[in-house]
file target.pdb (PDB, C-alpha atoms)
ATOM      1  CA  MET A   2     -26.854  50.306 -75.919
ATOM      2  CA  SER A   3     -24.358  47.469 -76.332
ATOM      3  CA  TRP A   4     -23.378  45.208 -73.445
ATOM      4  CA  HIS A   5     -19.696  44.350 -72.919
ATOM      5  CA  ALA A   6     -19.083  41.761 -70.234
ATOM      6  CA  GLN A   7     -16.063  39.806 -69.036
ATOM      7  CA  LEU A   8     -15.634  36.932 -66.612
ATOM      8  CA  ASP A   9     -12.337  35.512 -65.348
ATOM      9  CA  LEU A  10     -12.614  32.155 -63.592
ATOM     10  CA  ASP A  11      -9.673  30.310 -62.029
ATOM     11  CA  TYR A  12      -9.692  26.795 -60.569
ATOM     12  CA  ARG A  13      -7.032  25.625 -58.159
ATOM     13  CA  VAL A  14      -6.654  23.107 -55.359
ATOM     14  CA  GLU A  15      -6.741  24.475 -51.823
ATOM     15  CA  GLN A  16      -6.712  22.148 -48.809
ATOM     16  CA  GLN A  17      -7.413  19.143 -51.073
ATOM     17  CA  ARG A  18     -10.463  20.819 -52.611
ATOM     18  CA  SER A  19     -10.968  22.233 -56.108
ATOM     19  CA  VAL A  20     -12.033  25.837 -55.613
ATOM     20  CA  ALA A  21     -13.051  28.569 -58.056
ATOM     21  CA  ARG A  22     -11.947  32.197 -57.789
ATOM     22  CA  HIS A  23     -13.632  34.653 -60.117
ATOM     23  CA  ARG A  24     -14.096  38.290 -61.012
ATOM     24  CA  HIS A  25     -16.415  39.921 -63.500
ATOM     25  CA  THR A  26     -17.111  43.126 -65.362
ATOM     26  CA  GLY A  27     -20.616  43.781 -66.640
ATOM     27  CA  PRO A  28     -23.575  41.376 -66.624
ATOM     28  CA  LEU A  29     -21.727  38.060 -66.509
ATOM     29  CA  ARG A  30     -20.957  36.052 -63.395
ATOM     30  CA  VAL A  31     -21.014  32.626 -61.759
ATOM     31  CA  LEU A  32     -23.212  31.365 -58.972
ATOM     32  CA  GLN A  33     -21.772  29.745 -55.862
ATOM     33  CA  SER A  34     -19.543  26.686 -56.166
ATOM     34  CA  LEU A  35     -21.293  23.366 -55.695
ATOM     35  CA  TYR A  36     -19.832  19.953 -54.818
ATOM     36  CA  PRO A  37     -22.371  17.232 -55.696
ATOM     37  CA  GLU A  38     -19.493  14.818 -56.388
ATOM     38  CA  GLY A  39     -17.313  15.685 -53.400
ATOM     39  CA  ASP A  40     -14.410  18.084 -52.990
ATOM     40  CA  ALA A  41     -12.452  16.927 -56.046
ATOM     41  CA  ILE A  42     -14.804  18.498 -58.646
ATOM     42  CA  CYS A  43     -16.153  22.044 -58.427
ATOM     43  CA  HIS A  44     -19.420  22.730 -60.299
ATOM     44  CA  ASN A  45     -20.264  26.277 -61.388
ATOM     45  CA  VAL A  46     -23.208  27.815 -63.244
ATOM     46  CA  LEU A  47     -22.400  30.756 -65.519
ATOM     47  CA  VAL A  48     -25.165  33.383 -65.542
ATOM     48  CA  HIS A  49     -25.764  36.177 -68.062
ATOM     49  CA  PRO A  50     -28.728  38.170 -66.643
ATOM     50  CA  PRO A  51     -29.694  39.944 -69.920
ATOM     51  CA  GLY A  52     -30.512  36.504 -71.326
ATOM     52  CA  GLY A  53     -29.049  37.021 -74.792
ATOM     53  CA  LEU A  54     -26.868  39.047 -77.134
ATOM     54  CA  VAL A  55     -27.833  41.590 -79.777
ATOM     55  CA  GLY A  56     -25.632  43.318 -82.354
ATOM     56  CA  GLY A  57     -22.691  45.028 -80.676
ATOM     57  CA  ASP A  58     -22.738  42.855 -77.533
ATOM     58  CA  THR A  59     -19.543  41.053 -76.538
ATOM     59  CA  LEU A  60     -18.997  38.373 -73.891
ATOM     60  CA  ASP A  61     -15.410  37.443 -72.997
ATOM     61  CA  ILE A  62     -14.928  34.403 -70.782
ATOM     62  CA  SER A  63     -11.499  33.344 -69.515
ATOM     63  CA  VAL A  64     -11.083  30.063 -67.605
ATOM     64  CA  THR A  65      -7.848  28.746 -66.125
ATOM     65  CA  ALA A  66      -7.116  25.679 -64.017
ATOM     66  CA  SER A  67      -3.920  24.520 -62.337
ATOM     67  CA  GLY A  68      -2.538  21.562 -60.426
ATOM     68  CA  ASN A  69      -5.038  18.742 -59.955
ATOM     69  CA  ALA A  70      -8.038  21.081 -60.067
ATOM     70  CA  HIS A  71     -11.190  19.851 -61.800
ATOM     71  CA  GLY A  72     -13.975  22.251 -62.756
ATOM     72  CA  LEU A  73     -17.340  21.780 -64.435
ATOM     73  CA  ILE A  74     -19.100  24.778 -65.991
ATOM     74  CA  THR A  75     -22.637  24.898 -67.334
ATOM     75  CA  THR A  76     -25.421  27.469 -67.805
ATOM     76  CA  PRO A  77     -29.026  27.729 -66.563
ATOM     77  CA  GLY A  78     -30.420  28.331 -70.059
ATOM     78  CA  ALA A  79     -29.615  28.804 -73.706
ATOM     79  CA  THR A  80     -27.336  31.520 -75.057
ATOM     80  CA  ARG A  81     -29.512  33.561 -77.418
ATOM     81  CA  PHE A  82     -28.176  35.498 -80.378
ATOM     82  CA  TYR A  83     -30.980  37.894 -81.271
ATOM     83  CA  ARG A  84     -31.750  39.920 -84.389
ATOM     84  CA  SER A  85     -29.044  42.422 -85.335
ATOM     85  CA  ALA A  86     -29.360  45.764 -87.098
ATOM     86  CA  GLY A  87     -25.898  45.292 -88.606
ATOM     87  CA  GLU A  88     -23.324  44.846 -85.820
ATOM     88  CA  LEU A  89     -21.908  41.497 -84.714
ATOM     89  CA  ALA A  90     -22.751  39.813 -81.437
ATOM     90  CA  VAL A  91     -19.682  37.920 -80.197
ATOM     91  CA  GLN A  92     -18.969  35.398 -77.471
ATOM     92  CA  ARG A  93     -15.309  34.452 -76.898
ATOM     93  CA  THR A  94     -14.223  31.746 -74.467
ATOM     94  CA  HIS A  95     -10.536  31.072 -73.721
ATOM     95  CA  ILE A  96      -9.647  28.067 -71.575
ATOM     96  CA  THR A  97      -6.105  27.363 -70.339
ATOM     97  CA  LEU A  98      -5.293  24.205 -68.388
ATOM     98  CA  ALA A  99      -2.018  23.514 -66.588
ATOM     99  CA  ASP A 100      -0.573  20.018 -66.045
ATOM    100  CA  ARG A 101      -3.005  17.510 -64.472
ATOM    101  CA  ALA A 102      -5.913  19.967 -64.549
ATOM    102  CA  ARG A 103      -9.299  18.890 -65.905
ATOM    103  CA  LEU A 104     -12.202  20.988 -67.105
ATOM    104  CA  GLU A 105     -15.694  20.246 -68.402
ATOM    105  CA  TRP A 106     -17.312  22.975 -70.513
ATOM    106  CA  LEU A 107     -21.010  22.054 -70.810
ATOM    107  CA  PRO A 108     -23.160  25.128 -71.595
ATOM    108  CA  LEU A 109     -26.699  24.683 -72.817
ATOM    109  CA  GLU A 110     -27.401  25.380 -76.473
ATOM    110  CA  ALA A 111     -26.792  28.575 -78.420
ATOM    111  CA  ILE A 112     -29.888  29.697 -80.350
ATOM    112  CA  CYS A 113     -29.501  31.695 -83.551
ATOM    113  CA  TYR A 114     -32.603  33.829 -84.012
ATOM    114  CA  ASN A 115     -33.664  35.019 -87.439
ATOM    115  CA  HIS A 116     -31.578  37.960 -88.702
ATOM    116  CA  CYS A 117     -28.821  37.440 -86.112
ATOM    117  CA  LEU A 118     -25.203  38.235 -86.972
ATOM    118  CA  ALA A 119     -23.188  36.236 -84.474
ATOM    119  CA  GLU A 120     -19.845  34.632 -83.724
ATOM    120  CA  ASN A 121     -19.098  32.024 -81.075
ATOM    121  CA  HIS A 122     -15.400  31.307 -80.389
ATOM    122  CA  LEU A 123     -13.914  28.623 -78.138
ATOM    123  CA  THR A 124     -10.129  28.309 -77.726
ATOM    124  CA  VAL A 125      -8.556  25.677 -75.456
ATOM    125  CA  ASN A 126      -4.862  25.508 -74.484
ATOM    126  CA  LEU A 127      -3.678  22.409 -72.639
ATOM    127  CA  ALA A 128      -0.440  21.523 -70.887
ATOM    128  CA  PRO A 129       0.851  18.000 -71.656
ATOM    129  CA  LYS A 130      -0.957  16.246 -68.792
ATOM    130  CA  ALA A 131      -4.165  18.308 -68.860
ATOM    131  CA  GLU A 132      -7.475  16.982 -70.217
ATOM    132  CA  PHE A 133     -10.639  18.725 -71.345
ATOM    133  CA  MET A 134     -14.154  17.610 -72.209
ATOM    134  CA  GLY A 135     -16.721  19.978 -73.672
ATOM    135  CA  TRP A 136     -19.590  20.346 -76.054
ATOM    136  CA  ASP A 137     -21.086  22.835 -78.426
ATOM    137  CA  VAL A 138     -24.787  22.760 -79.335
ATOM    138  CA  THR A 139     -26.233  25.230 -81.849
ATOM    139  CA  ALA A 140     -29.910  25.639 -82.748
ATOM    140  CA  LEU A 141     -30.736  27.482 -85.969
ATOM    141  CA  GLY A 142     -34.041  29.240 -85.367
ATOM    142  CA  LEU A 143     -36.958  27.940 -83.316
ATOM    143  CA  PRO A 144     -38.608  25.317 -85.536
ATOM    144  CA  SER A 145     -41.066  24.185 -82.845
ATOM    145  CA  ALA A 146     -42.353  27.763 -82.601
ATOM    146  CA  SER A 147     -42.465  28.200 -86.402
ATOM    147  CA  ARG A 148     -39.707  30.829 -86.210
ATOM    148  CA  PRO A 149     -37.143  29.628 -88.773
ATOM    149  CA  PHE A 150     -33.621  30.906 -89.347
ATOM    150  CA  GLU A 151     -34.099  32.431 -92.804
ATOM    151  CA  GLN A 152     -31.820  35.483 -92.712
ATOM    152  CA  GLY A 153     -28.565  36.042 -90.867
ATOM    153  CA  SER A 154     -25.147  34.555 -90.293
ATOM    154  CA  PHE A 155     -23.445  32.509 -87.597
ATOM    155  CA  LEU A 156     -19.698  31.816 -87.333
ATOM    156  CA  GLN A 157     -18.491  28.975 -85.126
ATOM    157  CA  HIS A 158     -14.802  28.699 -84.218
ATOM    158  CA  ILE A 159     -13.421  25.860 -82.049
ATOM    159  CA  GLU A 160      -9.637  25.651 -81.691
ATOM    160  CA  VAL A 161      -6.921  23.846 -79.794
ATOM    161  CA  PRO A 162      -3.911  25.807 -81.110
ATOM    162  CA  GLY A 163      -1.491  23.649 -83.043
ATOM    163  CA  VAL A 164      -3.700  20.579 -82.565
ATOM    164  CA  TRP A 165      -7.223  21.045 -83.933
ATOM    165  CA  LEU A 166      -9.255  23.746 -85.638
ATOM    166  CA  GLU A 167     -12.881  23.787 -86.745
ATOM    167  CA  ARG A 168     -14.230  26.993 -88.237
ATOM    168  CA  GLY A 169     -17.369  27.365 -90.286
ATOM    169  CA  ARG A 170     -19.945  29.970 -91.189
ATOM    170  CA  ILE A 171     -23.655  29.274 -91.519
ATOM    171  CA  GLU A 172     -25.408  31.623 -93.927
ATOM    172  CA  ALA A 173     -29.161  31.291 -93.564
ATOM    173  CA  THR A 174     -29.745  32.083 -97.246
ATOM    174  CA  ASP A 175     -27.406  29.312 -98.479
ATOM    175  CA  ALA A 176     -30.055  26.799 -99.566
ATOM    176  CA  LEU A 177     -27.534  24.077-100.454
ATOM    177  CA  LEU A 178     -25.877  24.324 -97.047
ATOM    178  CA  MET A 179     -29.112  24.544 -95.070
ATOM    179  CA  ASN A 180     -31.148  21.916 -96.909
ATOM    180  CA  GLY A 181     -28.918  19.987 -99.315
ATOM    181  CA  PRO A 182     -27.527  16.495 -98.637
ATOM    182  CA  PRO A 183     -23.900  17.772 -98.554
ATOM    183  CA  GLY A 184     -24.882  20.290 -95.860
ATOM    184  CA  LEU A 185     -27.339  20.182 -92.968
ATOM    185  CA  ALA A 186     -29.979  18.302 -94.990
ATOM    186  CA  GLY A 187     -32.791  20.261 -93.350
ATOM    187  CA  GLN A 188     -31.611  19.569 -89.793
ATOM    188  CA  ARG A 189     -31.675  22.623 -87.533
ATOM    189  CA  CYS A 190     -29.501  21.542 -84.620
ATOM    190  CA  MET A 191     -25.814  20.744 -84.928
ATOM    191  CA  ALA A 192     -23.948  19.469 -81.890
ATOM    192  CA  SER A 193     -20.470  18.235 -81.021
ATOM    193  CA  LEU A 194     -18.905  16.639 -77.943
ATOM    194  CA  PHE A 195     -15.117  16.621 -77.758
ATOM    195  CA  PHE A 196     -12.487  15.106 -75.493
ATOM    196  CA  VAL A 197      -9.049  16.697 -75.788
ATOM    197  CA  ALA A 198      -5.797  15.599 -74.142
ATOM    198  CA  GLY A 199      -2.593  17.597 -73.866
ATOM    199  CA  THR A 200      -0.655  14.500 -74.946
ATOM    200  CA  ALA A 201      -1.631  11.948 -77.579
ATOM    201  CA  LEU A 202      -4.071   9.387 -76.190
ATOM    202  CA  ASP A 203      -2.711   5.863 -76.091
ATOM    203  CA  ARG A 204      -4.327   3.442 -78.492
ATOM    204  CA  ASN A 205      -6.391   1.545 -75.917
ATOM    205  CA  ARG A 206      -7.916   4.685 -74.354
ATOM    206  CA  ARG A 207      -8.712   6.055 -77.791
ATOM    207  CA  GLU A 208     -10.221   2.910 -79.304
ATOM    208  CA  THR A 209     -12.278   2.091 -76.199
ATOM    209  CA  GLY A 210     -13.609   5.642 -76.136
ATOM    210  CA  LEU A 211     -14.647   5.414 -79.771
ATOM    211  CA  GLU A 212     -16.305   2.043 -79.221
ATOM    212  CA  LEU A 213     -18.321   3.347 -76.261
ATOM    213  CA  ALA A 214     -19.525   6.348 -78.274
ATOM    214  CA  ARG A 215     -20.379   4.306 -81.369
ATOM    215  CA  ASP A 216     -22.366   1.756 -79.353
ATOM    216  CA  LEU A 217     -24.470   4.542 -77.824
ATOM    217  CA  ILE A 218     -24.947   6.174 -81.236
ATOM    218  CA  ALA A 219     -26.031   2.886 -82.813
ATOM    219  CA  ALA A 220     -28.780   2.480 -80.191
ATOM    220  CA  HIS A 221     -30.056   6.056 -80.519
ATOM    221  CA  SER A 222     -32.783   7.490 -82.745
ATOM    222  CA  LEU A 223     -30.194   9.849 -84.308
ATOM    223  CA  CYS A 224     -27.910   6.994 -85.368
ATOM    224  CA  HIS A 225     -28.141   7.934 -89.069
ATOM    225  CA  THR A 226     -27.038  11.550 -88.506
ATOM    226  CA  SER A 227     -24.344  11.028 -85.850
ATOM    227  CA  GLY A 228     -20.793   9.722 -85.730
ATOM    228  CA  ALA A 229     -17.653   9.465 -83.610
ATOM    229  CA  THR A 230     -14.128  10.003 -84.848
ATOM    230  CA  CYS A 231     -10.554  10.955 -83.890
ATOM    231  CA  PRO A 232      -9.330  13.803 -86.121
ATOM    232  CA  ASN A 233      -5.903  13.311 -84.515
ATOM    233  CA  PRO A 234      -4.408  11.345 -81.584
ATOM    234  CA  ASN A 235      -5.175  14.126 -79.065
ATOM    235  CA  VAL A 236      -8.840  14.686 -79.947
ATOM    236  CA  MET A 237     -12.024  12.606 -79.977
ATOM    237  CA  VAL A 238     -15.256  14.049 -81.371
ATOM    238  CA  VAL A 239     -18.909  13.025 -81.532
ATOM    239  CA  ARG A 240     -20.945  14.958 -84.104
ATOM    240  CA  VAL A 241     -24.732  15.076 -84.293
ATOM    241  CA  LEU A 242     -27.317  16.579 -86.620
ATOM    242  CA  SER A 243     -30.882  16.703 -85.365
ATOM    243  CA  PRO A 244     -34.162  18.463 -86.207
ATOM    244  CA  LEU A 245     -34.402  19.686 -82.591
ATOM    245  CA  VAL A 246     -32.071  20.310 -79.665
ATOM    246  CA  GLU A 247     -33.477  17.812 -77.168
ATOM    247  CA  PRO A 248     -32.575  14.505 -78.902
ATOM    248  CA  ALA A 249     -29.087  15.793 -79.734
ATOM    249  CA  VAL A 250     -28.416  16.797 -76.129
ATOM    250  CA  ASN A 251     -29.807  13.476 -74.925
ATOM    251  CA  LEU A 252     -27.222  11.625 -77.016
ATOM    252  CA  LEU A 253     -24.347  13.911 -75.998
ATOM    253  CA  ARG A 254     -25.157  13.434 -72.316
ATOM    254  CA  GLN A 255     -25.058   9.664 -72.710
ATOM    255  CA  VAL A 256     -21.635   9.773 -74.358
ATOM    256  CA  TRP A 257     -20.377  12.364 -71.852
ATOM    257  CA  LEU A 258     -21.240  10.046 -68.955
ATOM    258  CA  ALA A 259     -19.650   7.042 -70.687
ATOM    259  CA  TRP A 260     -16.463   8.973 -71.464
ATOM    260  CA  ARG A 261     -16.290  10.295 -67.909
ATOM    261  CA  THR A 262     -16.294   6.750 -66.586
ATOM    262  CA  HIS A 263     -13.782   5.537 -69.170
ATOM    263  CA  PHE A 264     -11.287   8.406 -69.146
ATOM    264  CA  TRP A 265     -11.568   9.627 -65.557
ATOM    265  CA  GLN A 266     -13.138   6.711 -63.640
ATOM    266  CA  SER A 267     -15.914   9.047 -62.549
ATOM    267  CA  ASN A 268     -19.548   7.915 -62.625
ATOM    268  CA  GLY A 269     -20.688  11.489 -63.033
ATOM    269  CA  THR A 270     -23.473  13.557 -61.512
ATOM    270  CA  MET A 271     -25.775  15.616 -63.712
ATOM    271  CA  PRO A 272     -25.675  19.298 -62.696
ATOM    272  CA  ARG A 273     -28.849  20.038 -60.751
ATOM    273  CA  ILE A 274     -29.605  23.068 -62.946
ATOM    274  CA  TRP A 275     -30.287  20.716 -65.890
ATOM    275  CA  ALA A 276     -33.334  19.323 -64.086
ATOM    276  CA  THR A 277     -35.076  22.709 -63.699
TER     277      THR A 277
END
call {"tool": "encode", "arguments": {"input": "target.pdb", "output": "structure tokens"}}
result
Amino acid sequence: MSWHAQLDLDYRVEQQRSVARHRHTGPLRVLQSLYPEGDAICHNVLVHPPGGLVGGDTLDISVTASGNAHGLITTPGATRFYRSAGELAVQRTHITLADRARLEWLPLEAICYNHCLAENHLTVNLAPKAEFMGWDVTALGLPSASRPFEQGSFLQHIEVPGVWLERGRIEATDALLMNGPPGLAGQRCMASLFFVAGTALDRNRRETGLELARDLIAAHSLCHTSGATCPNPNVMVVRVLSPLVEPAVNLLRQVWLAWRTHFWQSNGTMPRIWAT
């Protein structure tokens, strides 16, 4: 039996506090709102009790934020795309931010199990004064458990309509893509951190952000398979290839904290769920 689940999550400011209102259908929901950084930033943990998706499963996540609201969303564990008998497993996330709203989309990694047929879509719409920071971490198989990704397909789609689009398909049987120098070169984790503004970033904000990211990359063990760039004036991206998830996430967290301080003058507090 396929699972179809939907979650609608809305952030707004009420009595000088960012609050989250939500409703769900099926096995997808958020835990209580937390405020480890004070009332200005609302932290939420998105929970999917089945623990993964098989062929035919669909998760639809809709997030909106208005006014000066600031939300941070993460997950307690990885999103798992399991073996499929032929149907697609799909996760779709749509984020819409009104003027002056901020959102951080920081789920833990997505794991592509052998023989999965999966798609993971993220679409972000921003008003001119809105800003968004998020990441996407994908693990191909479980190399530490000797369970490689040898059969199957994974489509990743990240889009800011009219501003930025990244769309690519990983076919496990494509040896040149999986192991060749022009492709993943044998790495089994690909990760990206992105900062997106509704209006073009001014030159100083953009160049300082790049410098901060590049300094952290240069000092990291993944320095030879990582980079920071601006594909256009509204978007900054850090890209990482790694043999395993943990070093890639370690680097992304360092840059996330540095960008938080630079762009939003916020020192940042790691979500407590990450420590469990």
call {"tool": "resolve_selection", "arguments": {"input": "target.pdb", "expression": "the PyMOL selection byres ((chain A and resi 269) around 10)", "output": "PyMOL selection string"}}
result
chain A and resi 37-38+257-262+265-268+270-272
call {"tool": "residues_around", "arguments": {"input": "target.pdb", "residues": "A:Thr209", "least_positions_apart": "4", "cutoff": "10 Å", "atoms": "all atoms listed in the file", "output": "list in words"}}
result
Arg204, Asn205, Leu213, Ala214, Arg215, Trp260, His263 and Phe264 of chain A
call {"tool": "resolve_selection", "arguments": {"input": "target.pdb", "expression": "the PyMOL selection byres ((chain A and resi 115) around 7)", "output": "list in words"}}
result
Arg84, Cys113, Tyr114, His116, Cys117, Gly142, Pro149, Phe150, Glu151, Gln152 and Gly153 of chain A
call {"tool": "write_last_selection", "arguments": {"input": "target.pdb", "atoms": "C-alpha atoms", "output": "compact mmCIF listing (two decimals), in the coordinates of the input"}}
result
# COMPACT_ATOMS: atom_id res chain seq x y z
CA ARG A 84 -31.75 39.92 -84.39
CA CYS A 113 -29.50 31.70 -83.55
CA TYR A 114 -32.60 33.83 -84.01
CA HIS A 116 -31.58 37.96 -88.70
CA CYS A 117 -28.82 37.44 -86.11
CA GLY A 142 -34.04 29.24 -85.37
CA PRO A 149 -37.14 29.63 -88.77
CA PHE A 150 -33.62 30.91 -89.35
CA GLU A 151 -34.10 32.43 -92.80
CA GLN A 152 -31.82 35.48 -92.71
CA GLY A 153 -28.56 36.04 -90.87
call {"tool": "closest_residue", "arguments": {"input": "target.pdb", "among": "A:Asp11, A:Glu247, A:Asp40, A:Asp175", "to": "A:Ser145", "atoms": "all atoms listed in the file"}}
result
A:Glu247
call {"tool": "resolve_selection", "arguments": {"input": "target.pdb", "expression": "the PyMOL selection byres ((chain A and resi 29) around 10)", "output": "PyMOL selection string"}}
result
chain A and resi 5-9+24-28+30-31+47-51+60-62
call {"tool": "atom_distance", "arguments": {"input": "target.pdb", "atom1": "atom CA of A:Arg240", "atom2": "atom CA of A:Gly228"}}
result
5.5 Å
call {"tool": "residues_around", "arguments": {"input": "target.pdb", "residues": "stretch 97-112 of chain A", "least_positions_apart": "5", "cutoff": "7 Å", "atoms": "only C-alpha atoms", "output": "short mmCIF file (atom, residue, chain, number, x, y, z; two decimals) with C-alpha atoms, in the coordinates of the input"}}
result
data_model
loop_
_atom_site.label_atom_id
_atom_site.label_comp_id
_atom_site.auth_asym_id
_atom_site.auth_seq_id
_atom_site.Cartn_x
_atom_site.Cartn_y
_atom_site.Cartn_z
CA VAL A 64 -11.08 30.06 -67.60
CA THR A 65 -7.85 28.75 -66.12
CA ALA A 66 -7.12 25.68 -64.02
CA SER A 67 -3.92 24.52 -62.34
CA GLY A 68 -2.54 21.56 -60.43
CA ASN A 69 -5.04 18.74 -59.96
CA ALA A 70 -8.04 21.08 -60.07
CA HIS A 71 -11.19 19.85 -61.80
CA GLY A 72 -13.98 22.25 -62.76
CA LEU A 73 -17.34 21.78 -64.44
CA ILE A 74 -19.10 24.78 -65.99
CA THR A 75 -22.64 24.90 -67.33
CA THR A 76 -25.42 27.47 -67.81
CA GLY A 78 -30.42 28.33 -70.06
CA ALA A 79 -29.62 28.80 -73.71
CA THR A 80 -27.34 31.52 -75.06
CA ARG A 81 -29.51 33.56 -77.42
CA PHE A 82 -28.18 35.50 -80.38
CA VAL A 125 -8.56 25.68 -75.46
CA ASN A 126 -4.86 25.51 -74.48
CA LEU A 127 -3.68 22.41 -72.64
CA ALA A 128 -0.44 21.52 -70.89
CA PRO A 129 0.85 18.00 -71.66
CA LYS A 130 -0.96 16.25 -68.79
CA ALA A 131 -4.16 18.31 -68.86
CA GLU A 132 -7.48 16.98 -70.22
CA PHE A 133 -10.64 18.73 -71.34
CA MET A 134 -14.15 17.61 -72.21
CA GLY A 135 -16.72 19.98 -73.67
CA TRP A 136 -19.59 20.35 -76.05
CA VAL A 138 -24.79 22.76 -79.33
CA THR A 139 -26.23 25.23 -81.85
CA ALA A 140 -29.91 25.64 -82.75
CA LEU A 141 -30.74 27.48 -85.97
CA GLY A 142 -34.04 29.24 -85.37
#
call {"tool": "closest_residue", "arguments": {"input": "target.pdb", "among": "A:Glu120, A:Asp58, A:Glu212, A:Asp137", "to": "A:Val246", "atoms": "all atoms listed in the file"}}
result
A:Asp137
call {"tool": "residues_around", "arguments": {"input": "target.pdb", "residues": "A:Arg189", "least_positions_apart": "2", "cutoff": "7 Å", "atoms": "all atoms listed in the file", "output": "JSON, numbers by chain"}}
result
{"A": [140, 141, 187, 191, 243, 244, 245]}
call {"tool": "write_last_selection", "arguments": {"input": "target.pdb", "atoms": "C-alpha atoms", "output": "mmCIF file, in the coordinates of the input"}}
result
data_model
loop_
_atom_site.group_PDB
_atom_site.id
_atom_site.type_symbol
_atom_site.label_atom_id
_atom_site.label_comp_id
_atom_site.auth_asym_id
_atom_site.auth_seq_id
_atom_site.Cartn_x
_atom_site.Cartn_y
_atom_site.Cartn_z
ATOM 1 C CA ALA A 140 -29.910 25.639 -82.748
ATOM 2 C CA LEU A 141 -30.736 27.482 -85.969
ATOM 3 C CA GLY A 187 -32.791 20.261 -93.350
ATOM 4 C CA MET A 191 -25.814 20.744 -84.928
ATOM 5 C CA SER A 243 -30.882 16.703 -85.365
ATOM 6 C CA PRO A 244 -34.162 18.463 -86.207
ATOM 7 C CA LEU A 245 -34.402 19.686 -82.591
#
call {"tool": "residues_around", "arguments": {"input": "target.pdb", "residues": "A:Thr124", "least_positions_apart": "4", "cutoff": "6 Å", "atoms": "all atoms listed in the file", "output": "list in words"}}
result
His95, Ile159, Glu160 and Val161 of chain A
call {"tool": "closest_residue", "arguments": {"input": "target.pdb", "among": "A:Pro232, A:Gly53, A:Pro77, A:Pro182", "to": "A:Val91", "atoms": "all atoms listed in the file"}}
result
A:Gly53
call {"tool": "atom_distance", "arguments": {"input": "target.pdb", "atom1": "atom CA of A:Ile42", "atom2": "atom CA of A:Glu167"}}
result
28.7 Å
call {"tool": "atom_distance", "arguments": {"input": "target.pdb", "atom1": "atom CA of A:Ala86", "atom2": "atom CA of A:Arg168"}}
result
24.1 Å
